[in-house]
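Structure file target.tsv (TSV, C-alpha atoms) follows.
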```
chain	number	residue	atom	x	y	z
A	634	MET	CA	-4.96	101.21	68.08
A	635	ARG	CA	-1.41	101.47	69.46
A	636	TRP	CA	-2.73	100.49	72.89
A	637	LEU	CA	-4.73	97.59	71.42
A	638	LEU	CA	-1.67	96.20	69.62
A	639	SER	CA	0.46	96.62	72.73
A	640	THR	CA	-2.08	94.74	74.82
A	641	MET	CA	-2.18	91.89	72.31
A	642	CYS	CA	1.61	91.74	72.48
A	643	LEU	CA	1.46	91.55	76.28
A	644	VAL	CA	-0.97	88.64	76.12
A	645	HIS	CA	1.31	86.82	73.66
A	646	VAL	CA	4.39	87.31	75.84
A	647	CYS	CA	2.58	86.17	78.97
A	648	GLY	CA	1.34	83.11	77.11
A	649	ASN	CA	4.95	82.18	76.49
A	650	ILE	CA	5.71	82.68	80.18
A	651	ILE	CA	2.91	80.26	81.05
A	652	CYS	CA	4.55	77.63	78.85
A	653	PHE	CA	7.91	78.33	80.49
A	654	PHE	CA	6.49	77.64	83.95
A	655	ALA	CA	4.14	74.82	82.95
A	656	THR	CA	6.16	72.19	84.77
A	657	THR	CA	6.24	74.04	88.12
A	658	MET	CA	2.71	75.36	88.52
A	659	ASN	CA	1.19	76.20	91.88
A	660	PRO	CA	-2.06	74.37	92.65
A	661	GLU	CA	-3.94	77.69	92.84
A	662	ALA	CA	-3.28	78.22	89.13
A	663	HIS	CA	-5.91	75.53	88.51
A	664	MET	CA	-8.41	76.83	91.07
A	665	ASN	CA	-11.30	79.25	90.92
A	666	VAL	CA	-11.59	82.00	93.53
A	667	SER	CA	-13.68	79.99	95.99
A	668	GLU	CA	-11.26	77.07	95.82
A	669	ILE	CA	-8.30	79.37	96.54
A	670	ILE	CA	-10.07	80.85	99.56
A	671	ILE	CA	-10.81	77.38	100.95
A	672	HIS	CA	-7.27	76.22	100.09
A	673	TRP	CA	-5.90	78.77	102.57
A	674	GLY	CA	-8.34	77.75	105.30
A	675	TYR	CA	-10.88	80.57	105.03
A	676	THR	CA	-14.64	80.41	104.67
A	677	SER	CA	-15.83	81.02	101.11
A	678	GLU	CA	-19.24	82.08	99.87
A	679	GLU	CA	-20.29	82.79	96.30
A	680	TYR	CA	-23.34	84.63	95.00
A	681	GLU	CA	-24.67	85.94	91.70
A	682	ALA	CA	-25.94	89.43	90.96
A	683	VAL	CA	-28.02	90.06	87.86
A	684	THR	CA	-27.63	93.38	86.04
A	685	GLU	CA	-30.50	95.33	84.52
A	686	ASP	CA	-29.33	94.24	81.06
A	687	GLY	CA	-29.23	90.56	82.00
A	688	TYR	CA	-25.57	89.75	82.77
A	689	ILE	CA	-25.02	87.34	85.66
A	690	LEU	CA	-22.05	88.39	87.77
A	691	PRO	CA	-20.47	86.10	90.39
A	692	ILE	CA	-19.46	87.75	93.65
A	693	ASN	CA	-16.99	86.03	95.97
A	694	ARG	CA	-17.13	86.58	99.71
A	695	ILE	CA	-14.86	85.94	102.70
A	696	PRO	CA	-17.27	86.67	105.56
A	697	HIS	CA	-14.65	86.56	108.30
A	698	GLY	CA	-11.02	85.88	109.04
A	699	LYS	CA	-9.49	82.90	110.77
A	700	ASN	CA	-9.51	84.44	114.24
A	701	ASN	CA	-12.86	86.24	114.27
A	702	THR	CA	-15.27	83.49	113.27
A	703	ASN	CA	-17.47	83.75	116.38
A	704	SER	CA	-17.92	87.52	116.48
A	705	THR	CA	-21.60	88.47	116.71
A	706	THR	CA	-20.99	92.15	115.89
A	707	PRO	CA	-21.93	92.99	112.28
A	708	LYS	CA	-18.74	93.40	110.31
A	709	LYS	CA	-18.07	96.41	108.10
A	710	VAL	CA	-18.21	95.51	104.43
A	711	VAL	CA	-15.42	96.03	101.88
A	712	LEU	CA	-15.95	95.46	98.14
A	713	CYS	CA	-12.81	94.86	96.06
A	714	GLN	CA	-13.12	95.31	92.29
A	715	HIS	CA	-10.48	94.07	89.83
A	716	GLY	CA	-9.05	95.70	86.72
A	717	LEU	CA	-9.01	95.05	82.98
A	718	PHE	CA	-8.24	91.42	81.99
A	719	SER	CA	-8.36	90.45	85.66
A	720	THR	CA	-10.75	88.62	88.00
A	721	ALA	CA	-11.65	88.61	91.68
A	722	GLY	CA	-8.80	86.11	92.02
A	723	VAL	CA	-6.26	88.93	91.92
A	724	TRP	CA	-7.18	89.76	95.53
A	725	VAL	CA	-6.25	86.23	96.73
A	726	SER	CA	-3.33	85.46	94.40
A	727	ASN	CA	-0.69	85.57	97.11
A	728	PRO	CA	-0.50	83.74	100.46
A	729	PRO	CA	-2.74	85.26	103.17
A	730	ASN	CA	-0.05	87.56	104.55
A	731	ASN	CA	0.20	89.41	101.24
A	732	SER	CA	-3.28	89.17	99.70
A	733	LEU	CA	-5.54	92.13	100.45
A	734	ALA	CA	-8.76	90.10	100.72
A	735	PHE	CA	-7.30	87.78	103.37
A	736	ILE	CA	-5.67	90.69	105.22
A	737	LEU	CA	-8.97	92.58	105.36
A	738	ALA	CA	-10.86	89.47	106.54
A	739	ASP	CA	-8.34	88.84	109.33
A	740	ALA	CA	-8.66	92.51	110.33
A	741	GLY	CA	-12.36	91.95	110.97
A	742	TYR	CA	-13.98	93.02	107.70
A	743	ASP	CA	-16.63	91.25	105.62
A	744	VAL	CA	-14.85	91.04	102.27
A	745	TRP	CA	-16.63	90.85	98.90
A	746	MET	CA	-14.92	90.60	95.50
A	747	GLY	CA	-16.72	91.57	92.30
A	748	ASN	CA	-16.28	90.12	88.82
A	749	SER	CA	-16.86	92.33	85.78
A	750	ARG	CA	-18.81	91.01	82.80
A	751	GLY	CA	-16.77	89.04	80.30
A	752	SER	CA	-14.05	88.01	82.75
A	753	THR	CA	-13.22	84.35	83.34
A	754	TRP	CA	-16.16	83.47	85.61
A	755	ALA	CA	-18.60	86.15	84.42
A	756	LYS	CA	-19.69	84.76	81.07
A	757	LYS	CA	-23.35	84.08	81.81
A	758	HIS	CA	-26.45	85.95	80.72
A	759	LEU	CA	-30.17	85.50	81.22
A	760	TYR	CA	-30.74	84.95	77.49
A	761	LEU	CA	-27.64	85.84	75.43
A	762	ASP	CA	-25.20	83.12	74.32
A	763	PRO	CA	-21.64	83.98	75.51
A	764	ASN	CA	-20.43	82.85	72.08
A	765	SER	CA	-22.61	85.45	70.38
A	766	LYS	CA	-21.61	88.88	69.11
A	767	GLU	CA	-24.41	90.41	71.15
A	768	PHE	CA	-23.00	89.12	74.45
A	769	TRP	CA	-19.68	90.93	73.87
A	770	ALA	CA	-21.23	94.24	72.76
A	771	PHE	CA	-20.17	96.21	75.82
A	772	SER	CA	-17.52	98.65	76.96
A	773	TYR	CA	-16.75	100.00	80.40
A	774	ASP	CA	-19.86	102.21	80.09
A	775	GLU	CA	-21.99	99.17	80.86
A	776	MET	CA	-19.83	98.27	83.86
A	777	ILE	CA	-20.37	101.81	85.16
A	778	LYS	CA	-24.10	101.87	84.44
A	779	TYR	CA	-25.06	98.26	85.26
A	780	ASP	CA	-22.35	96.06	86.81
A	781	LEU	CA	-21.26	98.19	89.75
A	782	PRO	CA	-24.79	99.17	90.85
A	783	ALA	CA	-25.97	95.54	90.63
A	784	THR	CA	-23.01	94.30	92.67
A	785	ILE	CA	-23.22	96.99	95.35
A	786	ASN	CA	-26.99	96.76	95.74
A	787	PHE	CA	-26.82	92.97	96.05
A	788	ILE	CA	-24.21	93.23	98.81
A	789	LEU	CA	-26.17	95.85	100.71
A	790	LYS	CA	-29.34	93.78	100.55
A	791	LYS	CA	-27.53	90.62	101.66
A	792	THR	CA	-25.66	92.22	104.56
A	793	GLY	CA	-28.26	94.73	105.69
A	794	GLN	CA	-25.60	97.46	105.67
A	795	LYS	CA	-26.36	101.00	104.48
A	796	GLN	CA	-22.83	101.79	103.30
A	797	ILE	CA	-19.73	99.88	102.26
A	798	TYR	CA	-16.06	100.59	101.63
A	799	TYR	CA	-14.85	100.27	98.03
A	800	VAL	CA	-11.38	99.22	96.87
A	801	GLY	CA	-10.66	99.32	93.16
A	802	HIS	CA	-7.60	98.50	91.09
A	803	SER	CA	-7.00	99.90	87.59
A	804	GLN	CA	-10.27	99.56	85.66
A	805	GLY	CA	-11.92	99.00	89.03
A	806	THR	CA	-10.99	102.62	89.80
A	807	LEU	CA	-12.26	103.89	86.45
A	808	ILE	CA	-15.71	102.35	86.79
A	809	ALA	CA	-15.95	103.66	90.36
A	810	LEU	CA	-15.06	107.19	89.29
A	811	GLY	CA	-17.61	106.98	86.48
A	812	ALA	CA	-20.38	105.44	88.57
A	813	PHE	CA	-19.96	107.52	91.73
A	814	SER	CA	-19.77	110.80	89.78
A	815	ALA	CA	-22.78	110.06	87.53
A	816	ASN	CA	-24.99	108.19	90.02
A	817	GLN	CA	-25.27	110.15	93.27
A	818	GLN	CA	-27.76	107.69	94.75
A	819	LEU	CA	-25.14	104.94	94.35
A	820	ALA	CA	-22.36	107.19	95.65
A	821	GLU	CA	-24.25	107.71	98.91
A	822	LYS	CA	-23.86	103.99	99.58
A	823	ILE	CA	-20.04	104.25	99.61
A	824	LYS	CA	-18.35	105.23	102.88
A	825	MET	CA	-14.89	105.60	101.36
A	826	CYS	CA	-13.34	104.89	97.97
A	827	LEU	CA	-9.79	103.51	97.93
A	828	LEU	CA	-8.17	103.55	94.48
A	829	LEU	CA	-5.04	101.59	93.52
A	830	ALA	CA	-3.30	102.55	90.26
A	831	PRO	CA	-6.14	105.01	89.52
A	832	ILE	CA	-7.35	105.55	85.97
A	833	ALA	CA	-9.71	108.15	84.54
A	834	THR	CA	-7.98	109.69	81.51
A	835	VAL	CA	-5.31	107.58	79.76
A	836	GLU	CA	-3.83	110.14	77.38
A	837	TYR	CA	-0.27	109.45	78.54
A	838	VAL	CA	-0.37	105.65	78.67
A	839	LYS	CA	3.01	104.31	77.60
A	840	GLY	CA	1.89	100.96	76.18
A	841	SER	CA	3.40	97.59	77.14
A	842	GLY	CA	7.00	98.14	76.12
A	843	ARG	CA	8.01	96.34	79.30
A	844	LEU	CA	6.35	93.86	81.58
A	845	PRO	CA	5.25	94.62	85.14
A	846	SER	CA	7.94	93.57	87.60
A	847	TYR	CA	6.27	90.38	88.80
A	848	PHE	CA	5.88	89.05	85.24
A	849	HIS	CA	9.63	89.10	84.73
A	850	PRO	CA	11.17	85.62	85.01
A	851	THR	CA	13.85	86.86	87.42
A	852	ALA	CA	11.39	88.45	89.87
A	853	PHE	CA	9.21	86.27	92.16
A	854	LYS	CA	9.18	83.21	89.77
A	855	SER	CA	7.33	81.16	92.20
A	856	ARG	CA	3.81	82.59	91.74
A	857	ILE	CA	3.77	83.84	88.15
A	858	ASP	CA	1.39	81.07	87.07
A	859	VAL	CA	-1.21	82.15	89.65
A	860	TYR	CA	-0.92	85.81	88.65
A	861	ILE	CA	-1.39	85.03	84.98
A	862	THR	CA	-4.35	82.74	85.61
A	863	HIS	CA	-6.19	85.44	87.56
A	864	SER	CA	-4.84	88.58	85.88
A	865	LEU	CA	-5.16	87.70	82.19
A	866	ALA	CA	-8.87	87.04	81.88
A	867	GLY	CA	-11.28	87.85	79.08
A	868	SER	CA	-12.88	91.10	78.07
A	869	SER	CA	-14.48	92.63	74.97
A	870	VAL	CA	-12.88	94.15	71.90
A	871	GLN	CA	-15.23	97.10	72.39
A	872	ILE	CA	-13.56	97.87	75.72
A	873	LEU	CA	-10.16	97.97	74.02
A	874	LEU	CA	-11.59	100.28	71.36
A	875	HIS	CA	-13.02	102.45	74.13
A	876	TYR	CA	-9.59	102.74	75.75
A	877	SER	CA	-8.07	103.53	72.37
A	878	GLN	CA	-10.59	106.36	71.95
A	879	ALA	CA	-9.70	107.63	75.43
A	880	ILE	CA	-6.00	107.69	74.55
A	881	ASN	CA	-6.69	109.63	71.37
A	882	THR	CA	-9.09	112.16	72.91
A	883	GLY	CA	-7.49	112.56	76.32
A	884	VAL	CA	-10.88	112.68	78.04
A	885	PHE	CA	-12.88	110.40	80.32
A	886	GLY	CA	-15.99	109.91	78.26
A	887	ALA	CA	-18.54	107.41	77.04
A	888	TYR	CA	-17.98	105.15	74.05
A	889	ASP	CA	-17.95	106.93	70.67
A	890	TRP	CA	-20.17	105.03	68.26
A	891	GLY	CA	-18.35	106.48	65.26
A	892	SER	CA	-20.74	109.06	63.84
A	893	PRO	CA	-22.87	111.97	65.06
A	894	SER	CA	-26.05	110.14	64.04
A	895	LEU	CA	-25.17	106.97	65.99
A	896	ASN	CA	-24.12	109.01	69.02
A	897	MET	CA	-27.40	110.88	68.80
A	898	LEU	CA	-29.21	107.55	68.77
A	899	HIS	CA	-27.42	106.35	71.91
A	900	TYR	CA	-26.96	109.61	73.85
A	901	ASN	CA	-29.34	112.14	72.32
A	902	GLN	CA	-26.31	114.25	71.44
A	903	THR	CA	-23.77	114.12	68.59
A	904	THR	CA	-20.73	113.50	70.80
A	905	PRO	CA	-20.26	111.04	73.68
A	906	PRO	CA	-21.04	112.53	77.12
A	907	LEU	CA	-18.19	113.01	79.56
A	908	TYR	CA	-17.83	111.56	83.04
A	909	ASN	CA	-17.31	114.53	85.35
A	910	VAL	CA	-15.11	113.35	88.21
A	911	GLU	CA	-15.61	116.78	89.79
A	912	ASP	CA	-19.00	115.40	90.82
A	913	MET	CA	-17.43	112.47	92.70
A	914	LYS	CA	-18.05	113.54	96.31
A	915	VAL	CA	-17.16	110.22	98.03
A	916	PRO	CA	-14.10	110.54	100.35
A	917	THR	CA	-11.28	109.13	98.22
A	918	ALA	CA	-7.80	107.79	98.93
A	919	MET	CA	-5.35	106.91	96.15
A	920	TRP	CA	-2.09	105.05	95.67
A	921	SER	CA	-0.19	105.61	92.41
A	922	GLY	CA	3.24	104.67	91.06
A	923	ARG	CA	5.88	106.57	89.13
A	924	ASN	CA	6.78	103.35	87.34
A	925	ASP	CA	3.20	102.70	86.20
A	926	PHE	CA	2.98	102.45	82.41
A	927	LEU	CA	-0.86	102.52	82.38
A	928	ALA	CA	-1.80	104.93	85.17
A	929	ASP	CA	0.79	107.52	84.13
A	930	GLU	CA	1.63	110.16	86.69
A	931	ILE	CA	0.53	112.98	84.35
A	932	ASP	CA	-2.94	111.42	84.01
A	933	VAL	CA	-3.02	110.80	87.77
A	934	ALA	CA	-2.07	114.42	88.47
A	935	HIS	CA	-4.91	115.51	86.19
A	936	LEU	CA	-7.29	113.34	88.23
A	937	VAL	CA	-5.95	114.70	91.54
A	938	SER	CA	-6.66	118.26	90.41
A	939	LYS	CA	-10.33	117.43	89.78
A	940	LEU	CA	-11.35	115.25	92.73
A	941	PRO	CA	-13.23	117.40	95.27
A	942	ASN	CA	-12.85	115.06	98.26
A	943	LEU	CA	-9.37	113.52	97.98
A	944	ILE	CA	-8.33	112.77	101.55
A	945	TYR	CA	-5.10	110.86	100.89
A	946	HIS	CA	-2.68	110.25	98.03
A	947	LYS	CA	0.52	108.25	98.19
A	948	ILE	CA	2.96	108.09	95.26
A	949	ILE	CA	5.26	105.05	95.27
A	950	ALA	CA	8.37	105.60	93.19
A	951	ASP	CA	9.11	102.06	92.01
A	952	PHE	CA	5.59	100.59	91.70
A	953	SER	CA	4.31	99.40	88.33
A	954	HIS	CA	0.66	98.85	87.50
A	955	LEU	CA	0.03	95.44	89.06
A	956	ASP	CA	2.37	95.80	92.03
A	957	PHE	CA	-0.52	97.48	93.88
A	958	ALA	CA	-2.46	94.24	93.97
A	959	VAL	CA	0.18	91.50	94.14
A	960	GLY	CA	3.61	93.13	94.52
A	961	LEU	CA	6.13	91.82	97.03
A	962	SER	CA	6.02	95.08	98.99
A	963	ALA	CA	2.30	95.76	98.55
A	964	TYR	CA	1.60	95.08	102.22
A	965	ASP	CA	4.06	97.67	103.50
A	966	GLU	CA	3.44	100.26	100.79
A	967	VAL	CA	-0.33	99.94	100.30
A	968	PHE	CA	-2.26	97.45	102.42
A	969	LYS	CA	-1.12	98.82	105.80
A	970	GLY	CA	-2.27	102.25	104.68
A	971	ILE	CA	-5.67	100.89	103.68
A	972	LEU	CA	-6.10	99.26	107.10
A	973	LYS	CA	-5.12	102.50	108.83
A	974	LEU	CA	-7.62	104.59	106.86
A	975	LEU	CA	-10.42	102.08	107.46
A	976	HIS	CA	-9.65	101.97	111.18
A	977	GLU	CA	-9.60	105.77	111.42
A	978	SER	CA	-12.91	105.95	109.56
A	979	GLU	CA	-14.52	103.51	111.99
A	980	THR	CA	-13.07	105.34	115.00
A	981	GLU	CA	-14.49	108.65	113.76
A	982	ASN	CA	-17.92	107.06	113.36
A	983	LEU	CA	-17.84	105.88	116.98
A	984	HIS	CA	-17.38	109.48	118.13
```

Please render this file's structure as structure tokens.
Amino acid sequence: MRWLLSTMCLVHVCGNIICFFATTMNPEAHMNVSEIIIHWGYTSEEYEAVTEDGYILPINRIPHGKNNTNSTTPKKVVLCQHGLFSTAGVWVSNPPNNSLAFILADAGYDVWMGNSRGSTWAKKHLYLDPNSKEFWAFSYDEMIKYDLPATINFILKKTGQKQIYYVGHSQGTLIALGAFSANQQLAEKIKMCLLLAPIATVEYVKGSGRLPSYFHPTAFKSRIDVYITHSLAGSSVQILLHYSQAINTGVFGAYDWGSPSLNMLHYNQTTPPLYNVEDMKVPTAMWSGRNDFLADEIDVAHLVSKLPNLIYHKIIADFSHLDFAVGLSAYDEVFKGILKLLHESETENLH
């Protein structure tokens, strides 16, 4: 509950910041993801994947960069997945020289950006009304079980590729760790998993006593409106309750329905099953921050000790939670490292 109240406080404070900057808004603050991509001169494509439980998830695509439009060689695919309260727009919130999606496209990759159910542009269902209680009856379990497989399988079918690279931020790392440890068939479709501000357990989360650096009025004023538009999207109350449970228990497990009988109904056991990250065999690289109030370094260290195929881990002293996606020094501290690892992976495959 402490985490839930802290999150509500963060939303309130950021709402006030929006009002403060209302008179100097960037045009991208009024755009959807496709419009932002086109605004910067890139080709934009948008598709919809349908989950097994009926949610319709938009997927944004930048098929190529500005200088590799005529290449006939099939491009390697990268899927970027956003975090809690965010959207695919987080990957294009900065100008092209500091937005990971544009950087990857210009480096020759076919870039796809997923949208989790309940976020700004993912409020459609085959038969449920998004204003209904039933529509919002999900936690991150459903993103692990349904959203990520639907998104990945759609991309593979569309591109004809057998494997893709995966980049996740925050909750995008959590659902990857859950999905690729529990679903080995899905994990085999991932060439490498790159995790920014990684989350599995959240026992040591510090709450929102302070704002991430780029939300502060004295730091990078000029694009706060874009960040807030694409990094304060919707989600379900059940997800917040799930995180609250995770804080209290200190484990990475499924949603607790509140009683042994209800858990038995959902899981055929009296307690929620755990996600065993020890079973996550995908080659994994991570970037974490000592100044991260959500992905605390104690929780990250716990994750590091359990991952069987961790090939790289960089700790950045002054990075807070959202600096990994949109921070001023994200290119030097994170994005260059991602490009290097992807290039090395491709070089190894050639030999």

> Looking at A:Ala721, A:Val859, A:Thr702, A:His935, which one is nearest to His663 in chain A, with distances taken over all atoms listed in the file?
Replying inline: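 Once distances to His663 in chain A are computed over all atoms listed in the file, the minimum belongs to A:Val859.
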
> Quick one, how far is CA of Met913 in chain A from CA of Phe813 in chain A?
Replying inline: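 Computed distance, CA of Met913 in chain A to CA of Phe813 in chain A, equals 5.6 Å.
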
>> Residues near range 903-912 of chain A, anyone? I mean within 9 Å using only C-alpha atoms, not counting same-chain ones fewer than 5 positions away, as a ChimeraX atom specification.
In response: /A:810-815,817,833,884-890,892-898,936,939-941

>> Residues within 10 Å of Asp929 in chain A, please, as JSON, numbers by chain. Count all atoms listed in the file; anything in the same chain fewer than 4 positions from it doesn't count.
In response: {"A": [830, 831, 832, 834, 835, 836, 837, 838, 839, 921, 922, 923, 924, 925, 933, 934, 953, 954]}

Tell me which residues come within 12 Å of (-23.2, 95.7, 98.1), as a PDB file with C-alpha atoms, keeping the file's coordinate frame, counting all atoms listed in the file in the file's coordinates.
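Output (selection-v8.pdb):
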```pdb
ATOM      1  CA  TYR A 680     -23.340  84.630  95.000  1.00  0.00           C
ATOM      2  CA  GLU A 681     -24.670  85.940  91.700  1.00  0.00           C
ATOM      3  CA  ALA A 682     -25.940  89.430  90.960  1.00  0.00           C
ATOM      4  CA  ILE A 692     -19.460  87.750  93.650  1.00  0.00           C
ATOM      5  CA  ASN A 693     -16.990  86.030  95.970  1.00  0.00           C
ATOM      6  CA  ARG A 694     -17.130  86.580  99.710  1.00  0.00           C
ATOM      7  CA  LYS A 709     -18.070  96.410 108.100  1.00  0.00           C
ATOM      8  CA  VAL A 710     -18.210  95.510 104.430  1.00  0.00           C
ATOM      9  CA  VAL A 711     -15.420  96.030 101.880  1.00  0.00           C
ATOM     10  CA  LEU A 712     -15.950  95.460  98.140  1.00  0.00           C
ATOM     11  CA  CYS A 713     -12.810  94.860  96.060  1.00  0.00           C
ATOM     12  CA  GLN A 714     -13.120  95.310  92.290  1.00  0.00           C
ATOM     13  CA  ASP A 743     -16.630  91.250 105.620  1.00  0.00           C
ATOM     14  CA  VAL A 744     -14.850  91.040 102.270  1.00  0.00           C
ATOM     15  CA  TRP A 745     -16.630  90.850  98.900  1.00  0.00           C
ATOM     16  CA  MET A 746     -14.920  90.600  95.500  1.00  0.00           C
ATOM     17  CA  GLY A 747     -16.720  91.570  92.300  1.00  0.00           C
ATOM     18  CA  ASP A 780     -22.350  96.060  86.810  1.00  0.00           C
ATOM     19  CA  LEU A 781     -21.260  98.190  89.750  1.00  0.00           C
ATOM     20  CA  PRO A 782     -24.790  99.170  90.850  1.00  0.00           C
ATOM     21  CA  ALA A 783     -25.970  95.540  90.630  1.00  0.00           C
ATOM     22  CA  THR A 784     -23.010  94.300  92.670  1.00  0.00           C
ATOM     23  CA  ILE A 785     -23.220  96.990  95.350  1.00  0.00           C
ATOM     24  CA  ASN A 786     -26.990  96.760  95.740  1.00  0.00           C
ATOM     25  CA  PHE A 787     -26.820  92.970  96.050  1.00  0.00           C
ATOM     26  CA  ILE A 788     -24.210  93.230  98.810  1.00  0.00           C
ATOM     27  CA  LEU A 789     -26.170  95.850 100.710  1.00  0.00           C
ATOM     28  CA  LYS A 790     -29.340  93.780 100.550  1.00  0.00           C
ATOM     29  CA  LYS A 791     -27.530  90.620 101.660  1.00  0.00           C
ATOM     30  CA  THR A 792     -25.660  92.220 104.560  1.00  0.00           C
ATOM     31  CA  GLY A 793     -28.260  94.730 105.690  1.00  0.00           C
ATOM     32  CA  GLN A 794     -25.600  97.460 105.670  1.00  0.00           C
ATOM     33  CA  LYS A 795     -26.360 101.000 104.480  1.00  0.00           C
ATOM     34  CA  GLN A 796     -22.830 101.790 103.300  1.00  0.00           C
ATOM     35  CA  ILE A 797     -19.730  99.880 102.260  1.00  0.00           C
ATOM     36  CA  TYR A 798     -16.060 100.590 101.630  1.00  0.00           C
ATOM     37  CA  TYR A 799     -14.850 100.270  98.030  1.00  0.00           C
ATOM     38  CA  LEU A 819     -25.140 104.940  94.350  1.00  0.00           C
ATOM     39  CA  ALA A 820     -22.360 107.190  95.650  1.00  0.00           C
ATOM     40  CA  LYS A 822     -23.860 103.990  99.580  1.00  0.00           C
ATOM     41  CA  ILE A 823     -20.040 104.250  99.610  1.00  0.00           C
ATOM     42  CA  LYS A 824     -18.350 105.230 102.880  1.00  0.00           C
TER      43      LYS A 824
END
```

> When you draw a straight line from CA of Gly716 in chain A to CA of Gly805 in chain A, how long is it in Å?
Replying inline: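 These atoms are spaced 4.9 Å apart.
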
>> Report as a list in words all protein, DNA and RNA residues lying within 9 Å of Phe968 in chain A, evaluated on all atoms listed in the file, omitting residues in the same chain fewer than 6 positions from it.
In response: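 In the requested form, the answer reads Asn731, Ser732, Leu733, Ile736, Leu737 and Phe957 of chain A.
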
>> With distances taken over all atoms listed in the file, which residue among A:Ser772, A:Gln902, A:Thr705, A:Tyr779 lies nearest Glu685 in chain A?
In response: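 Among the listed residues, A:Tyr779 lies closest to Glu685 in chain A.
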
>> Would you compute the distance between CA of Ser978 in chain A and CA of Asn942 in chain A? Give it in Å to one decimal.
In response: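 That distance, rounded to one decimal, is 14.5 Å.
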
>> I'd like to know which of A:Arg750, A:Lys969, A:His758, A:His946 is closest to Ile777 in chain A, using all atoms listed in the file.
In response: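 Using all atoms listed in the file, the shortest distance to Ile777 in chain A belongs to A:Arg750.
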
>> So that I can see what lies close to His697 in chain A, please list as a ChimeraX atom specification the residues with an atom at most 10 Å from it, counting all atoms listed in the file and leaving out residues fewer than 2 positions away in the same chain.
In response: /A:675-677,694-695,699-704,708,735,737-744

> Using only C-alpha atoms, which residue out of A:His875, A:Lys756, A:Lys947, A:His672 lies closest to Gly687 in chain A?
Replying inline: A:Lys756

Output range 783-787 of chain A with all heavy atoms present, as a PDB file, keeping the file's coordinate frame.
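Below is the file that was written, part.pdb:
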```pdb
ATOM      1  N   ALA A 783     -25.407  96.854  90.318  1.00  0.00           N
ATOM      2  CA  ALA A 783     -25.970  95.540  90.630  1.00  0.00           C
ATOM      3  C   ALA A 783     -25.181  94.858  91.740  1.00  0.00           C
ATOM      4  O   ALA A 783     -25.758  94.265  92.666  1.00  0.00           O
ATOM      5  CB  ALA A 783     -26.001  94.669  89.377  1.00  0.00           C
ATOM      6  N   THR A 784     -23.862  94.936  91.667  1.00  0.00           N
ATOM      7  CA  THR A 784     -23.010  94.300  92.670  1.00  0.00           C
ATOM      8  C   THR A 784     -23.179  94.956  94.038  1.00  0.00           C
ATOM      9  O   THR A 784     -23.366  94.284  95.061  1.00  0.00           O
ATOM     10  CB  THR A 784     -21.535  94.363  92.228  1.00  0.00           C
ATOM     11  OG1 THR A 784     -21.376  93.658  90.982  1.00  0.00           O
ATOM     12  CG2 THR A 784     -20.619  93.749  93.272  1.00  0.00           C
ATOM     13  N   ILE A 785     -23.110  96.271  94.074  1.00  0.00           N
ATOM     14  CA  ILE A 785     -23.220  96.990  95.350  1.00  0.00           C
ATOM     15  C   ILE A 785     -24.594  96.794  95.981  1.00  0.00           C
ATOM     16  O   ILE A 785     -24.708  96.528  97.185  1.00  0.00           O
ATOM     17  CB  ILE A 785     -22.924  98.489  95.130  1.00  0.00           C
ATOM     18  CG1 ILE A 785     -21.432  98.674  94.814  1.00  0.00           C
ATOM     19  CG2 ILE A 785     -23.327  99.313  96.361  1.00  0.00           C
ATOM     20  CD1 ILE A 785     -21.070 100.071  94.366  1.00  0.00           C
ATOM     21  N   ASN A 786     -25.641  96.907  95.190  1.00  0.00           N
ATOM     22  CA  ASN A 786     -26.990  96.760  95.740  1.00  0.00           C
ATOM     23  C   ASN A 786     -27.251  95.343  96.245  1.00  0.00           C
ATOM     24  O   ASN A 786     -27.945  95.153  97.256  1.00  0.00           O
ATOM     25  CB  ASN A 786     -28.030  97.151  94.688  1.00  0.00           C
ATOM     26  CG  ASN A 786     -28.056  98.649  94.440  1.00  0.00           C
ATOM     27  OD1 ASN A 786     -27.767  99.448  95.330  1.00  0.00           O
ATOM     28  ND2 ASN A 786     -28.377  99.057  93.227  1.00  0.00           N
ATOM     29  N   PHE A 787     -26.677  94.355  95.569  1.00  0.00           N
ATOM     30  CA  PHE A 787     -26.820  92.970  96.050  1.00  0.00           C
ATOM     31  C   PHE A 787     -26.159  92.821  97.417  1.00  0.00           C
ATOM     32  O   PHE A 787     -26.728  92.228  98.342  1.00  0.00           O
ATOM     33  CB  PHE A 787     -26.205  91.991  95.046  1.00  0.00           C
ATOM     34  CG  PHE A 787     -26.311  90.555  95.478  1.00  0.00           C
ATOM     35  CD1 PHE A 787     -27.379  89.772  95.072  1.00  0.00           C
ATOM     36  CD2 PHE A 787     -25.359  89.981  96.325  1.00  0.00           C
ATOM     37  CE1 PHE A 787     -27.502  88.449  95.481  1.00  0.00           C
ATOM     38  CE2 PHE A 787     -25.469  88.660  96.750  1.00  0.00           C
ATOM     39  CZ  PHE A 787     -26.541  87.899  96.322  1.00  0.00           C
TER      40      PHE A 787
END
```
